[in-house]
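*Asks:* My structure is below; once you've seen it, I'll send some questions.
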Amino acid sequence: TQGIAKKWTEQGKSRILFLQDSNHLVFHAILPLLGQTVLSNADVNVLAVEKISNDPSGSWCALQNTKTNQTVISSLEPSELQLLLKDLPEGQMPPILLGNTNVFFISLNTFVQVMDAEQTSPKLRESVFPSFRDSSRVKVRQPVVPLTLMQDIVRVAGSNSGVSVLITQLE
């Protein structure tokens with residue numbers, strides 16, 4: 001991938017769009033998202049929508065390390081979010097959760113930096129999402145394949161100093 005991205009950079013292209021093709025409605029948001037990305041000069045700009053309660057999609061969150069004071073933008077899966085929010089006192093729950101649409105722009109330079117760094121110091125995690133045959137959650141329907149979530153590119157890119165990550169919420 002970084003070979004193609006480097007070639008595109010040499011051709012004068014500046015950004016790449018990542019999207020998951022299972023949501024056709026996001027195509028209406030691509031041009032406004034690109035416009036906001038260019039106007040803000042963001043290295044990364046993710047598209048978010050207000051998440052309704054109990055929606056099984058991930059949520060964009062700003063996670064702060066209290067020891068280093070470093071903040072990282074990351075998409076958390078519902079199970080991860082539940083673990084973080086379970087001990088919050090009532091009334092301190094975030095009023096709005098920003099749902100992950102699996103759409104983002106990233107500057108080609110930032111993408112190339114992330115991919116180059118992966119060669120020597122991997123930070124993109126592999127995940128598995130088994131599809132179980134029944135509620136016993138013992139037998140899977142098909143072989144499980146590890147994969148890297150595209151939103152992890154945002155997390156890794158945003159952990160680099162000097163990289164600006166923007167979350168754009170559209171209705």
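We label chains A, B, ... in the order they appear in the structure tokens, count residues from 1 in each chain, and number ligands from 1 in the order shown.
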Which residues are near Leu108 in chain A? Cut-off 6 Å, only C-alpha atoms, ignore same chain within fewer than 2 positions. Put them as a list in words.
*Replies:* Ser14, Arg15, Thr110 and Phe111 of chain A
*Asks:* I need the chosen residues saved as a PDB file, in the first residue's frame, with N, CA and C atoms.
*Replies:*
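The new file out_9.pdb reads:
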```
ATOM      1  N   SER A  14      -3.036  14.565  -2.584  1.00  0.00           N
ATOM      2  CA  SER A  14      -2.727  14.915  -1.200  1.00  0.00           C
ATOM      3  C   SER A  14      -3.470  14.096  -0.156  1.00  0.00           C
ATOM      4  N   ARG A  15      -4.611  13.492  -0.506  1.00  0.00           N
ATOM      5  CA  ARG A  15      -5.410  12.772   0.489  1.00  0.00           C
ATOM      6  C   ARG A  15      -5.935  11.464  -0.086  1.00  0.00           C
ATOM      7  N   THR A 110       0.789  11.509   5.807  1.00  0.00           N
ATOM      8  CA  THR A 110       0.555  10.874   7.109  1.00  0.00           C
ATOM      9  C   THR A 110       0.381   9.367   6.944  1.00  0.00           C
ATOM     10  N   PHE A 111      -0.376   8.957   5.930  1.00  0.00           N
ATOM     11  CA  PHE A 111      -0.592   7.532   5.679  1.00  0.00           C
ATOM     12  C   PHE A 111       0.736   6.829   5.392  1.00  0.00           C
TER      13      PHE A 111
END
```
*Asks:* Could you list, as number ranges by chain, every residue within 12 Å of Ala29 in chain A, counting only C-alpha atoms and ignoring same-chain residues fewer than 4 positions away?
*Replies:* A: 17, 19, 23-25, 33-36, 46-49, 101, 103-105, 168-171
*Asks:* With DSSP run on the backbone, what are the strand (DSSP E) residues within chain A? I'd like them as a PyMOL selection string.
*Replies:* chain A and resi 15-19+44-51+59-64+71-76+97-107+126-127+147-148+165-169
*Asks:* Of the candidates A:Glu10, A:Asp116, A:Asp55, A:Asp87, which one gets nearest to Asn100 in chain A if we count only C-alpha atoms?
*Replies:* A:Asp55
*Asks:* With a distance cut-off of 12 Å and only C-alpha atoms, select the neighbouring residues of Gly12 in chain A, excluding the residue or stretch itself and same-chain residues fewer than 3 positions from it, and output the selection as a PyMOL selection string.
*Replies:* chain A and resi 5-9+15+107-109
*Asks:* Atoms to include: N, CA, C and O atoms. Write the selected residues as a PDB file, in the first residue's frame.
*Replies:*
```
ATOM      1  N   ALA A   5       0.678   4.719  -2.364  1.00  0.00           N
ATOM      2  CA  ALA A   5       0.514   6.023  -1.717  1.00  0.00           C
ATOM      3  C   ALA A   5       1.683   6.944  -2.051  1.00  0.00           C
ATOM      4  O   ALA A   5       1.486   8.141  -2.300  1.00  0.00           O
ATOM      5  N   LYS A   6       2.895   6.416  -2.069  1.00  0.00           N
ATOM      6  CA  LYS A   6       4.050   7.238  -2.436  1.00  0.00           C
ATOM      7  C   LYS A   6       3.935   7.706  -3.879  1.00  0.00           C
ATOM      8  O   LYS A   6       4.232   8.857  -4.202  1.00  0.00           O
ATOM      9  N   LYS A   7       3.482   6.818  -4.753  1.00  0.00           N
ATOM     10  CA  LYS A   7       3.305   7.181  -6.162  1.00  0.00           C
ATOM     11  C   LYS A   7       2.267   8.291  -6.303  1.00  0.00           C
ATOM     12  O   LYS A   7       2.461   9.253  -7.046  1.00  0.00           O
ATOM     13  N   TRP A   8       1.145   8.161  -5.572  1.00  0.00           N
ATOM     14  CA  TRP A   8       0.114   9.194  -5.624  1.00  0.00           C
ATOM     15  C   TRP A   8       0.647  10.536  -5.109  1.00  0.00           C
ATOM     16  O   TRP A   8       0.317  11.576  -5.643  1.00  0.00           O
ATOM     17  N   THR A   9       1.482  10.496  -4.067  1.00  0.00           N
ATOM     18  CA  THR A   9       2.088  11.721  -3.540  1.00  0.00           C
ATOM     19  C   THR A   9       2.959  12.372  -4.608  1.00  0.00           C
ATOM     20  O   THR A   9       2.898  13.588  -4.810  1.00  0.00           O
ATOM     21  N   ARG A  15      -4.611  13.492  -0.506  1.00  0.00           N
ATOM     22  CA  ARG A  15      -5.410  12.772   0.489  1.00  0.00           C
ATOM     23  C   ARG A  15      -5.935  11.464  -0.086  1.00  0.00           C
ATOM     24  O   ARG A  15      -6.076  11.317  -1.290  1.00  0.00           O
ATOM     25  N   SER A 107      -4.248  12.425   5.065  1.00  0.00           N
ATOM     26  CA  SER A 107      -3.266  12.951   4.120  1.00  0.00           C
ATOM     27  C   SER A 107      -2.349  11.806   3.691  1.00  0.00           C
ATOM     28  O   SER A 107      -2.041  10.918   4.485  1.00  0.00           O
ATOM     29  N   LEU A 108      -1.968  11.834   2.436  1.00  0.00           N
ATOM     30  CA  LEU A 108      -1.098  10.761   1.938  1.00  0.00           C
ATOM     31  C   LEU A 108       0.224  10.736   2.686  1.00  0.00           C
ATOM     32  O   LEU A 108       0.758   9.667   2.969  1.00  0.00           O
ATOM     33  N   ASN A 109       0.766  11.909   3.018  1.00  0.00           N
ATOM     34  CA  ASN A 109       2.031  11.937   3.765  1.00  0.00           C
ATOM     35  C   ASN A 109       1.888  11.244   5.114  1.00  0.00           C
ATOM     36  O   ASN A 109       2.762  10.473   5.523  1.00  0.00           O
TER      37      ASN A 109
END
```
*Asks:* List the neighbours of Asn54 in chain A out to 12 Å using only C-alpha atoms; skip same-chain residues closer than 5 positions along the sequence, and give me the result as a PDB file with N, CA and C atoms, in the first residue's frame.
*Replies:*
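Produced file part-v9.pdb, reproduced below:
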```
ATOM      1  N   SER A  59     -17.769   3.827  18.538  1.00  0.00           N
ATOM      2  CA  SER A  59     -17.873   5.255  18.850  1.00  0.00           C
ATOM      3  C   SER A  59     -16.489   5.888  18.829  1.00  0.00           C
ATOM      4  N   GLU A  77     -15.031  -0.195  20.065  1.00  0.00           N
ATOM      5  CA  GLU A  77     -16.146  -1.109  19.829  1.00  0.00           C
ATOM      6  C   GLU A  77     -17.083  -1.026  21.033  1.00  0.00           C
ATOM      7  N   PRO A  78     -18.348  -1.379  20.865  1.00  0.00           N
ATOM      8  CA  PRO A  78     -19.311  -1.266  21.978  1.00  0.00           C
ATOM      9  C   PRO A  78     -18.845  -1.942  23.266  1.00  0.00           C
ATOM     10  N   SER A  79     -18.236  -3.115  23.162  1.00  0.00           N
ATOM     11  CA  SER A  79     -17.781  -3.811  24.374  1.00  0.00           C
ATOM     12  C   SER A  79     -16.666  -3.025  25.068  1.00  0.00           C
ATOM     13  N   LEU A  81     -16.246   0.262  24.897  1.00  0.00           N
ATOM     14  CA  LEU A  81     -16.876   1.474  25.433  1.00  0.00           C
ATOM     15  C   LEU A  81     -17.613   1.168  26.733  1.00  0.00           C
ATOM     16  N   GLN A  82     -18.311   0.030  26.788  1.00  0.00           N
ATOM     17  CA  GLN A  82     -19.020  -0.365  28.007  1.00  0.00           C
ATOM     18  C   GLN A  82     -18.060  -0.496  29.183  1.00  0.00           C
ATOM     19  N   LEU A  97     -22.767  10.346  21.959  1.00  0.00           N
ATOM     20  CA  LEU A  97     -21.665   9.513  21.507  1.00  0.00           C
ATOM     21  C   LEU A  97     -21.575   9.654  19.995  1.00  0.00           C
ATOM     22  N   GLY A  99     -20.907   8.159  16.647  1.00  0.00           N
ATOM     23  CA  GLY A  99     -20.849   6.851  16.004  1.00  0.00           C
ATOM     24  C   GLY A  99     -19.849   6.827  14.864  1.00  0.00           C
TER      25      GLY A  99
END
```
*Asks:* From the list A:Leu88, A:Leu98, A:Ile106, A:Ala117, which residue is nearest Lys13 in chain A when using only C-alpha atoms?
*Replies:*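 Among the listed residues, A:Ile106 lies closest to Lys13 in chain A.
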*Asks:* Per DSSP on the backbone, filter chain A down to the residues in alpha helix (DSSP H) and report them as a PyMOL selection string.
*Replies:* chain A and resi 2-10+30-40+78-85+108-120+151-158
*Asks:* Report, in Å with one decimal, the straight-line distance from CA of Pro89 in chain A to CA of Leu63 in chain A.
*Replies:*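 Interatomic distance, CA of Pro89 in chain A to CA of Leu63 in chain A: 18.2 Å.
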*Asks:* Residues near Gln142 in chain A, anyone? I mean within 9 Å using only C-alpha atoms, not counting same-chain ones fewer than 3 positions away, as a count of residues only.
*Replies:* 5
*Asks:* Need the shell around range 159-165 of chain A: protein/DNA/RNA residues with any atom at most 7 Å away, counting only C-alpha atoms. Skip same-chain ones fewer than 2 positions apart. Format as a PyMOL selection string?
*Replies:* chain A and resi 42-45+72+155-157+167
*Asks:* Any idea what the distance is between CA of Ile96 in chain A and CA of Glu50 in chain A?
*Replies:*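 Here the two named atoms are 6.5 Å from each other.
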*Asks:* Would you mind telling me which residue in A:Thr120, A:Gly91, A:Gly3, A:Phe18 lies nearest to Ile153 in chain A when using only C-alpha atoms?
*Replies:*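 Checking each candidate against Ile153 in chain A, we get A:Phe18 as the closest.
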*Asks:* Rounded to one decimal place, report the CA of Asn65 in chain A-CA of Gln151 in chain A distance in Å.
*Replies:* 19.5 Å
